[in-house]
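Visitor: Questions regarding the structure given below will be posed in turn.
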Number of protein chains: 2
Amino acid sequence: MEKVDGRLARGDQTRRAVLRRAVDIASVDGLEGLSIGRLATELGISKSGLFAHFGSKEELQLATIRAARRIYADEVVVPAFKFEPGLERVWRMSECWLDYSRRRVFPGGCFFQKVSHEYAARGGAVHEALAGVHREWMDLMEDVVREAVERGELDADPAQLAFDLNAYYEAANLASILHDNQAGYDQARQSIRTRLESATGSALPW
Amino acid sequence: MEKVDGRLARGDQTRRAVLRRAVDIASVDGLEGLSIGRLATELGISKSGLFAHFGSKEELQLATIRAARRIYADEVVVPAFKFEPGLERVWRMSECWLDYSRRRVFPGGCFFQKVSHEYAARGGAVHEALAGVHREWMDLMEDVVREAVERGELDADPAQLAFDLNAYYEAANLASILHDNQAGYDQARQSIRTRLESATGSALPW
DNA sequence: AAACAATACGAACGGTCGTATTATTAGTTT
DNA sequence: AAACTAATAATACGACCGTTCGTATTGTTT
């Protein structure tokens, strides 16, 4: 994949450019709307050349999901984990998520919310991959909450609180795209604050 | 549209049959996945005959949204409004919604959650229609909550509480489809209960 | 320089898409 | 029964879909 001198082989550069564009398209038009012909045209390369990198549409979709997951990790998880474990990280993670949505890291809002709904009721490898990412994300949130509980900074059922927080995130994301305004983010932040304060018994310092 | 004797004209019967199938397909595969050829084949009628009823794909999509809205009103709003205004209606509406999702009134889960995400980041008449339905629904929830507040049964900002409740509904719906289990419904119900109890200061009688 | 693999290309395939035009059937009205 | 209208069907079109194939180009290795 990578040469010893750190440069990328020609093929990997193309692959990378394809996937960067693919995640953006898919966040707006879904993984079905992501067509090989369109992708090739927008990138100024040939359809067959692009296709050869993936071998099938489904493989392209799976690679797109993996690429989006890396971006998500970089933009949400990594920044949140720079804060100390515990209540602060719970709060900051929420801020990071809302910011990730608001900054439109993906032009269509959260990539995973979009395509998870697209494939939720269908079978196949794409569905499995997305269900896996969702499970992974919920587990991670739960862990972050649990650390706060174990430190005595929070009194809550970790799974329950993770469910609530994630619900606020997604509701804000959808509202902001659907109505093209920011109101949902303020509501979500308020909901998060209230929810955390009722689980700590006191006001948050942030 | 309707004859004086109450029977439907031949054309309206077809239209109705088409839309009943259309909402089911769209709840699983989206309003793009809803293709005219497929719809005609599944119903055993001709593609051109079906097409003539709507004149364009977009008109079919808009008619499908209107049909789904009628079903949604019948399955969620009407049952909830059989209960007295106030806190009880807030609680019952939540129960109705979760039940509507769990019963798979639409095989792909909530029709509107599915297609709203599909069209959230696109322009056009379909987007506008869906944004309108979303606004309409949030306003209705807000009104239901406000009645409870005005009766002194609840101490909350109606818009904020409506936002939270709706967030729980949607999170449960997605989780249940994505992972093909019921766990999300229990979590949502718990979240709703806790949220309402913290806004009343006492336990709910249900 | 020769040989080889990796990468990209253009052209074509069978299919399905939405749509338009034209014909045929069924129901209603006279 | 004839005339008329509404509903359905048949057929065709161009555009795009994912995919395959043969070939050219490029880069690396010997």
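Chains: A, B, ... in order of the structure tokens. Residues: from 1 per chain. Ligands: from 1, in order shown.
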With 10 Å as the cut-off and only C-alpha atoms (C1' of nucleotides) counted, what is the closest atom pair between each nearby residue of chain B and chain D? Distances in Å to one decimal, ordered by chain and number, as a tab-separated table.

Guide:
residue	atom	partner	partner_atom	distance
B:Ala9	CA	D:DA6	C1'	9.6
B:Arg10	CA	D:DA7	C1'	7.5
B:Gly11	CA	D:DA7	C1'	6.3
B:Thr14	CA	D:DA7	C1'	9.6
B:Ile45	CA	D:DT8	C1'	8.3
B:Ser46	CA	D:DA9	C1'	6.3
B:Lys47	CA	D:DA9	C1'	8.6
B:Ser48	CA	D:DA9	C1'	7.2
B:Gly49	CA	D:DT8	C1'	5.1
B:Leu50	CA	D:DT8	C1'	8.3
B:Ala52	CA	D:DT8	C1'	9.0
B:His53	CA	D:DA7	C1'	9.2

Visitor: Do me a favour and pick out the residues of chain C within 8 Å of chain A, using only C-alpha atoms (C1' of nucleotides), as a list in words.

Guide: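 Result: DA6, DT7, DA8 and DC9 of chain C.
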
Visitor: Please list as number ranges by chain every residue within 10 Å of Leu174 (chain B), counting only C-alpha atoms (C1' of nucleotides) and excluding residues in the same chain fewer than 4 positions away.

Guide: A: 113, 116-117, 120-121; B: 101, 108-110, 113-114, 169-170, 178-180, 184

Visitor: Specify as a PyMOL selection string all residues of chain A found within 9 Å of chain B, counting only C-alpha atoms.

Guide: chain A and resi 27-30+32-33+107-109+113-122+127-128+130-131+134-135+159-161+163-164+166-172+174-175+177-180+184+187-188+190-191+195+198

Visitor: Tell me, in Å to one decimal, how far CA of Leu43 (chain A) is from CA of Ile71 (chain A).

Guide: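 Rounded to one decimal, the two atoms are 20.2 Å apart.
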
Visitor: I'd like to know which of B:Val90, B:Ile36, B:Ala129, B:Ala17 is closest to Ser56 (chain B), using only C-alpha atoms.

Guide: B:Ile36

Visitor: CA of Thr200 (chain A) to CA of Val78 (chain A): how many Å, to one decimal?

Guide: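 According to the coordinates, CA of Thr200 (chain A) and CA of Val78 (chain A) are separated by 25.2 Å.
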
Visitor: Any idea what the distance is between CA of Pro79 (chain B) and CA of Val145 (chain B)?

Guide: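 Between these atoms lies a distance of 16.2 Å.
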
Visitor: Using the chain letters and numbers from this document, which residues of region 4-164 of chain A does DSSP assign to helix (DSSP H, G or I), as a CSV table (one decimal) with N, CA and C atoms, in the first residue's frame?

Guide:
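Saved file out26.csv follows:
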chain,number,residue,atom,x,y,z
A,10,ARG,N,0.9,5.2,-7.5
A,10,ARG,CA,0.0,6.0,-8.4
A,10,ARG,C,-1.5,5.5,-8.1
A,11,GLY,N,-1.6,4.2,-8.0
A,11,GLY,CA,-3.0,3.7,-7.9
A,11,GLY,C,-3.6,4.1,-6.6
A,12,ASP,N,-2.9,4.2,-5.5
A,12,ASP,CA,-3.4,4.6,-4.2
A,12,ASP,C,-3.8,6.1,-4.2
A,13,GLN,N,-3.1,6.9,-4.9
A,13,GLN,CA,-3.5,8.3,-5.0
A,13,GLN,C,-4.9,8.4,-5.6
A,14,THR,N,-5.1,7.7,-6.7
A,14,THR,CA,-6.4,7.7,-7.4
A,14,THR,C,-7.5,7.2,-6.4
A,15,ARG,N,-7.2,6.0,-5.8
A,15,ARG,CA,-8.1,5.5,-4.9
A,15,ARG,C,-8.5,6.4,-3.8
A,16,ARG,N,-7.6,7.1,-3.3
A,16,ARG,CA,-7.8,8.1,-2.2
A,16,ARG,C,-8.7,9.3,-2.7
A,17,ALA,N,-8.4,9.7,-3.9
A,17,ALA,CA,-9.1,10.8,-4.5
A,17,ALA,C,-10.6,10.4,-4.7
A,18,VAL,N,-10.7,9.2,-5.2
A,18,VAL,CA,-12.1,8.7,-5.5
A,18,VAL,C,-12.9,8.6,-4.2
A,19,LEU,N,-12.3,8.1,-3.1
A,19,LEU,CA,-13.0,7.9,-1.9
A,19,LEU,C,-13.3,9.2,-1.2
A,20,ARG,N,-12.4,10.2,-1.3
A,20,ARG,CA,-12.7,11.5,-0.7
A,20,ARG,C,-13.9,12.1,-1.4
A,21,ARG,N,-14.0,11.9,-2.7
A,21,ARG,CA,-15.2,12.5,-3.4
A,21,ARG,C,-16.5,11.6,-3.1
A,22,ALA,N,-16.2,10.3,-3.0
A,22,ALA,CA,-17.3,9.4,-2.8
A,22,ALA,C,-18.1,9.6,-1.5
A,23,VAL,N,-17.3,9.9,-0.4
A,23,VAL,CA,-18.0,10.1,0.9
A,23,VAL,C,-18.9,11.4,0.8
A,24,ASP,N,-18.4,12.4,0.1
A,24,ASP,CA,-19.1,13.6,0.0
A,24,ASP,C,-20.4,13.4,-0.8
A,25,ILE,N,-20.3,12.7,-1.9
A,25,ILE,CA,-21.5,12.5,-2.7
A,25,ILE,C,-22.5,11.6,-1.9
A,26,ALA,N,-22.0,10.6,-1.3
A,26,ALA,CA,-22.9,9.7,-0.5
A,26,ALA,C,-23.6,10.4,0.6
A,27,SER,N,-22.9,11.4,1.2
A,27,SER,CA,-23.6,12.1,2.3
A,27,SER,C,-24.8,12.9,1.9
A,28,VAL,N,-24.8,13.2,0.6
A,28,VAL,CA,-25.9,14.0,0.0
A,28,VAL,C,-26.9,13.1,-0.7
A,29,ASP,N,-26.4,12.2,-1.5
A,29,ASP,CA,-27.3,11.4,-2.4
A,29,ASP,C,-27.3,9.9,-2.0
A,30,GLY,N,-26.6,9.5,-1.0
A,30,GLY,CA,-26.7,8.1,-0.5
A,30,GLY,C,-25.7,7.3,-1.3
A,31,LEU,N,-25.6,6.0,-0.8
A,31,LEU,CA,-24.6,5.1,-1.4
A,31,LEU,C,-25.2,4.5,-2.7
A,32,GLU,N,-26.5,4.7,-3.0
A,32,GLU,CA,-27.1,4.3,-4.3
A,32,GLU,C,-26.9,5.4,-5.3
A,33,GLY,N,-27.1,6.6,-4.8
A,33,GLY,CA,-26.9,7.8,-5.7
A,33,GLY,C,-25.5,7.9,-6.1
A,36,ILE,N,-20.9,5.1,-10.4
A,36,ILE,CA,-19.6,5.1,-10.9
A,36,ILE,C,-19.3,6.0,-12.0
A,37,GLY,N,-20.3,6.2,-12.9
A,37,GLY,CA,-20.1,7.1,-14.0
A,37,GLY,C,-20.0,8.5,-13.6
A,38,ARG,N,-20.9,8.9,-12.7
A,38,ARG,CA,-20.9,10.2,-12.2
A,38,ARG,C,-19.5,10.6,-11.5
A,39,LEU,N,-19.1,9.6,-10.6
A,39,LEU,CA,-17.9,9.8,-9.9
A,39,LEU,C,-16.7,10.0,-10.8
A,40,ALA,N,-16.7,9.2,-11.9
A,40,ALA,CA,-15.6,9.3,-12.8
A,40,ALA,C,-15.6,10.6,-13.5
A,41,THR,N,-16.8,11.0,-14.0
A,41,THR,CA,-16.9,12.3,-14.7
A,41,THR,C,-16.4,13.4,-13.8
A,42,GLU,N,-16.9,13.5,-12.6
A,42,GLU,CA,-16.5,14.6,-11.7
A,42,GLU,C,-15.0,14.6,-11.4
A,43,LEU,N,-14.4,13.4,-11.4
A,43,LEU,CA,-12.9,13.4,-11.2
A,43,LEU,C,-12.1,13.5,-12.4
A,47,LYS,N,-14.5,5.8,-16.5
A,47,LYS,CA,-15.3,4.9,-15.7
A,47,LYS,C,-14.7,3.6,-15.4
A,48,SER,N,-14.1,3.0,-16.5
A,48,SER,CA,-13.6,1.6,-16.3
A,48,SER,C,-12.3,1.6,-15.5
A,49,GLY,N,-11.6,2.7,-15.6
A,49,GLY,CA,-10.4,2.8,-14.7
A,49,GLY,C,-10.7,2.9,-13.3
A,50,LEU,N,-11.8,3.7,-13.0
A,50,LEU,CA,-12.2,3.8,-11.6
A,50,LEU,C,-12.7,2.5,-11.1
A,51,PHE,N,-13.6,1.9,-12.0
A,51,PHE,CA,-14.2,0.6,-11.6
A,51,PHE,C,-13.2,-0.4,-11.2
A,52,ALA,N,-12.1,-0.5,-12.0
A,52,ALA,CA,-11.0,-1.5,-11.8
A,52,ALA,C,-10.4,-1.4,-10.3
A,57,LYS,N,-19.6,-2.5,-7.5
A,57,LYS,CA,-20.2,-1.3,-6.8
A,57,LYS,C,-20.2,-1.5,-5.3
A,58,GLU,N,-20.6,-2.7,-4.9
A,58,GLU,CA,-20.7,-3.0,-3.5
A,58,GLU,C,-19.3,-2.8,-2.8
A,59,GLU,N,-18.2,-3.2,-3.4
A,59,GLU,CA,-16.9,-3.0,-2.9
A,59,GLU,C,-16.6,-1.5,-2.7
A,60,LEU,N,-17.0,-0.8,-3.7
A,60,LEU,CA,-16.8,0.7,-3.7
A,60,LEU,C,-17.6,1.3,-2.5
A,61,GLN,N,-18.8,0.8,-2.3
A,61,GLN,CA,-19.6,1.3,-1.2
A,61,GLN,C,-19.0,0.9,0.2
A,62,LEU,N,-18.5,-0.3,0.3
A,62,LEU,CA,-17.8,-0.7,1.5
A,62,LEU,C,-16.6,0.1,1.8
A,63,ALA,N,-15.8,0.4,0.7
A,63,ALA,CA,-14.6,1.2,0.9
A,63,ALA,C,-15.0,2.6,1.3
A,64,THR,N,-16.1,3.1,0.7
A,64,THR,CA,-16.5,4.4,1.1
A,64,THR,C,-16.9,4.5,2.5
A,65,ILE,N,-17.5,3.5,3.0
A,65,ILE,CA,-17.9,3.4,4.5
A,65,ILE,C,-16.6,3.5,5.3
A,66,ARG,N,-15.6,2.7,4.9
A,66,ARG,CA,-14.4,2.7,5.7
A,66,ARG,C,-13.7,4.0,5.7
A,67,ALA,N,-13.7,4.7,4.5
A,67,ALA,CA,-13.1,6.0,4.4
A,67,ALA,C,-13.9,7.0,5.3
A,68,ALA,N,-15.2,6.9,5.3
A,68,ALA,CA,-16.0,7.8,6.1
A,68,ALA,C,-15.7,7.6,7.6
A,69,ARG,N,-15.5,6.3,8.0
A,69,ARG,CA,-15.3,6.0,9.4
A,69,ARG,C,-14.0,6.6,9.8
A,70,ARG,N,-13.0,6.6,9.0
A,70,ARG,CA,-11.7,7.2,9.3
A,70,ARG,C,-11.9,8.7,9.6
A,71,ILE,N,-12.6,9.3,8.7
A,71,ILE,CA,-12.8,10.8,8.9
A,71,ILE,C,-13.6,11.0,10.1
A,72,TYR,N,-14.6,10.2,10.4
A,72,TYR,CA,-15.4,10.4,11.6
A,72,TYR,C,-14.6,10.2,12.8
A,73,ALA,N,-13.7,9.2,12.8
A,73,ALA,CA,-12.8,9.0,14.0
A,73,ALA,C,-11.9,10.3,14.2
A,74,ASP,N,-11.4,10.8,13.1
A,74,ASP,CA,-10.5,11.9,13.2
A,74,ASP,C,-11.2,13.2,13.7
A,75,GLU,N,-12.5,13.3,13.2
A,75,GLU,CA,-13.2,14.6,13.5
A,75,GLU,C,-14.0,14.6,14.7
A,76,VAL,N,-14.3,13.5,15.2
A,76,VAL,CA,-15.2,13.4,16.4
A,76,VAL,C,-14.5,12.7,17.6
A,77,VAL,N,-14.0,11.5,17.4
A,77,VAL,CA,-13.5,10.7,18.5
A,77,VAL,C,-12.1,11.3,19.0
A,78,VAL,N,-11.2,11.5,18.0
A,78,VAL,CA,-9.9,12.0,18.4
A,78,VAL,C,-9.9,13.3,19.2
A,79,PRO,N,-10.7,14.3,18.7
A,79,PRO,CA,-10.7,15.5,19.5
A,79,PRO,C,-11.4,15.4,20.9
A,80,ALA,N,-12.4,14.5,20.9
A,80,ALA,CA,-13.0,14.3,22.2
A,80,ALA,C,-12.1,13.6,23.2
A,87,LEU,N,-16.7,13.2,33.2
A,87,LEU,CA,-17.8,14.0,32.8
A,87,LEU,C,-17.4,15.0,31.7
A,88,GLU,N,-16.2,15.6,31.9
A,88,GLU,CA,-15.8,16.6,30.9
A,88,GLU,C,-15.8,16.0,29.5
A,89,ARG,N,-15.3,14.7,29.4
A,89,ARG,CA,-15.2,14.1,28.1
A,89,ARG,C,-16.6,13.9,27.5
A,90,VAL,N,-17.5,13.5,28.4
A,90,VAL,CA,-18.9,13.3,27.9
A,90,VAL,C,-19.4,14.6,27.3
A,91,TRP,N,-19.2,15.7,28.0
A,91,TRP,CA,-19.7,17.0,27.5
A,91,TRP,C,-18.9,17.4,26.2
A,92,ARG,N,-17.6,17.2,26.2
A,92,ARG,CA,-16.8,17.6,25.1
A,92,ARG,C,-17.2,16.8,23.9
A,93,MET,N,-17.4,15.5,24.1
A,93,MET,CA,-17.7,14.7,23.0
A,93,MET,C,-19.0,15.1,22.3
A,94,SER,N,-19.9,15.6,23.1
A,94,SER,CA,-21.2,16.1,22.6
A,94,SER,C,-20.9,17.4,21.8
A,95,GLU,N,-20.1,18.2,22.3
A,95,GLU,CA,-19.7,19.4,21.6
A,95,GLU,C,-19.0,19.1,20.2
A,96,CYS,N,-18.1,18.1,20.3
A,96,CYS,CA,-17.4,17.7,19.1
A,96,CYS,C,-18.4,17.2,18.0
A,97,TRP,N,-19.4,16.4,18.5
A,97,TRP,CA,-20.3,15.8,17.5
A,97,TRP,C,-21.1,16.9,16.9
A,98,LEU,N,-21.7,17.8,17.7
A,98,LEU,CA,-22.5,18.8,17.1
A,98,LEU,C,-21.7,19.7,16.2
A,99,ASP,N,-20.4,19.9,16.5
A,99,ASP,CA,-19.6,20.7,15.7
A,99,ASP,C,-19.2,20.0,14.4
A,100,TYR,N,-19.0,18.7,14.5
A,100,TYR,CA,-18.8,17.9,13.3
A,100,TYR,C,-19.9,18.0,12.3
A,101,SER,N,-21.1,18.0,12.9
A,101,SER,CA,-22.3,18.1,12.0
A,101,SER,C,-22.4,19.5,11.5
A,102,ARG,N,-22.2,20.5,12.3
A,102,ARG,CA,-22.4,21.9,11.9
A,102,ARG,C,-21.4,22.4,10.9
A,111,PHE,N,-22.5,11.6,7.6
A,111,PHE,CA,-22.5,10.5,6.6
A,111,PHE,C,-23.3,9.3,7.1
A,112,PHE,N,-23.0,8.9,8.4
A,112,PHE,CA,-23.5,7.6,8.9
A,112,PHE,C,-25.0,7.7,9.1
A,113,GLN,N,-25.5,8.8,9.6
A,113,GLN,CA,-26.9,9.0,9.7
A,113,GLN,C,-27.6,8.8,8.4
A,114,LYS,N,-27.1,9.5,7.4
A,114,LYS,CA,-27.7,9.4,6.1
A,114,LYS,C,-27.7,8.0,5.6
A,115,VAL,N,-26.6,7.3,5.5
A,115,VAL,CA,-26.6,6.0,4.8
A,115,VAL,C,-27.1,4.9,5.7
A,116,SER,N,-27.1,5.1,7.0
A,116,SER,CA,-27.7,4.1,7.9
A,116,SER,C,-29.2,4.0,7.6
A,117,HIS,N,-29.8,5.1,7.5
A,117,HIS,CA,-31.2,5.1,7.1
A,117,HIS,C,-31.4,4.5,5.8
A,118,GLU,N,-30.5,4.8,4.9
A,118,GLU,CA,-30.7,4.3,3.5
A,118,GLU,C,-30.7,2.8,3.5
A,119,TYR,N,-29.9,2.2,4.3
A,119,TYR,CA,-29.7,0.7,4.3
A,119,TYR,C,-30.3,0.0,5.5
A,125,ALA,N,-24.2,-6.9,2.6
A,125,ALA,CA,-22.9,-6.5,3.3
A,125,ALA,C,-22.9,-5.1,3.7
A,126,VAL,N,-23.5,-4.2,2.9
A,126,VAL,CA,-23.5,-2.8,3.3
A,126,VAL,C,-24.2,-2.6,4.6
A,127,HIS,N,-25.4,-3.2,4.7
A,127,HIS,CA,-26.2,-3.1,5.9
A,127,HIS,C,-25.4,-3.6,7.1
A,128,GLU,N,-24.7,-4.7,6.9
A,128,GLU,CA,-24.0,-5.3,8.0
A,128,GLU,C,-22.8,-4.3,8.5
A,129,ALA,N,-22.2,-3.8,7.5
A,129,ALA,CA,-21.1,-2.8,7.8
A,129,ALA,C,-21.6,-1.6,8.6
A,130,LEU,N,-22.8,-1.1,8.2
A,130,LEU,CA,-23.3,0.1,8.8
A,130,LEU,C,-23.8,-0.3,10.2
A,131,ALA,N,-24.5,-1.4,10.3
A,131,ALA,CA,-24.9,-1.8,11.7
A,131,ALA,C,-23.7,-2.0,12.6
A,132,GLY,N,-22.6,-2.5,12.1
A,132,GLY,CA,-21.4,-2.6,12.9
A,132,GLY,C,-20.9,-1.3,13.3
A,133,VAL,N,-20.8,-0.4,12.4
A,133,VAL,CA,-20.3,1.0,12.8
A,133,VAL,C,-21.2,1.6,13.9
A,134,HIS,N,-22.5,1.4,13.7
A,134,HIS,CA,-23.4,2.0,14.7
A,134,HIS,C,-23.2,1.4,16.1
A,135,ARG,N,-23.1,0.1,16.1
A,135,ARG,CA,-22.9,-0.7,17.4
A,135,ARG,C,-21.6,-0.2,18.0
A,136,GLU,N,-20.6,-0.1,17.2
A,136,GLU,CA,-19.2,0.4,17.6
A,136,GLU,C,-19.3,1.8,18.3
A,137,TRP,N,-20.0,2.6,17.6
A,137,TRP,CA,-20.2,4.0,18.1
A,137,TRP,C,-21.0,4.1,19.4
A,138,MET,N,-22.0,3.3,19.5
A,138,MET,CA,-22.8,3.3,20.7
A,138,MET,C,-22.0,2.7,21.9
A,139,ASP,N,-21.2,1.7,21.6
A,139,ASP,CA,-20.4,1.1,22.6
A,139,ASP,C,-19.4,2.1,23.1
A,140,LEU,N,-18.8,2.9,22.2
A,140,LEU,CA,-17.8,3.9,22.6
A,140,LEU,C,-18.4,5.0,23.4
A,141,MET,N,-19.6,5.4,23.1
A,141,MET,CA,-20.3,6.4,23.9
A,141,MET,C,-20.6,5.9,25.3
A,142,GLU,N,-21.0,4.6,25.3
A,142,GLU,CA,-21.3,4.0,26.6
A,142,GLU,C,-20.1,4.0,27.5
A,143,ASP,N,-18.9,3.6,26.9
A,143,ASP,CA,-17.7,3.6,27.6
A,143,ASP,C,-17.3,5.0,28.2
A,144,VAL,N,-17.5,6.0,27.4
A,144,VAL,CA,-17.2,7.3,27.8
A,144,VAL,C,-18.0,7.7,29.0
A,145,VAL,N,-19.3,7.4,28.9
A,145,VAL,CA,-20.2,7.7,30.0
A,145,VAL,C,-19.8,6.9,31.2
A,146,ARG,N,-19.5,5.6,31.0
A,146,ARG,CA,-19.2,4.7,32.2
A,146,ARG,C,-18.0,5.3,33.0
A,147,GLU,N,-17.1,5.8,32.2
A,147,GLU,CA,-15.9,6.3,32.9
A,147,GLU,C,-16.3,7.5,33.9
A,148,ALA,N,-17.2,8.3,33.4
A,148,ALA,CA,-17.7,9.4,34.3
A,148,ALA,C,-18.5,8.8,35.5
A,149,VAL,N,-19.3,7.8,35.2
A,149,VAL,CA,-20.0,7.2,36.3
A,149,VAL,C,-19.1,6.6,37.4
A,150,GLU,N,-18.1,5.9,36.9
A,150,GLU,CA,-17.2,5.2,37.8
A,150,GLU,C,-16.4,6.2,38.6
A,158,PRO,N,-25.2,3.9,32.0
A,158,PRO,CA,-24.4,4.3,30.8
A,158,PRO,C,-25.1,4.1,29.5
A,159,ALA,N,-25.7,2.9,29.3
A,159,ALA,CA,-26.4,2.6,28.0
A,159,ALA,C,-27.5,3.6,27.8
A,160,GLN,N,-28.3,3.9,28.8
A,160,GLN,CA,-29.4,4.8,28.7
A,160,GLN,C,-29.0,6.2,28.4
A,161,LEU,N,-28.0,6.7,29.1
A,161,LEU,CA,-27.5,8.1,28.8
A,161,LEU,C,-26.9,8.2,27.4
A,162,ALA,N,-26.2,7.1,27.0
A,162,ALA,CA,-25.6,7.1,25.6
A,162,ALA,C,-26.7,7.2,24.6
A,163,PHE,N,-27.8,6.4,24.8
A,163,PHE,CA,-28.9,6.4,23.9
A,163,PHE,C,-29.5,7.8,23.8
A,164,ASP,N,-29.7,8.5,24.9
A,164,ASP,CA,-30.3,9.8,24.9
A,164,ASP,C,-29.4,10.8,24.2
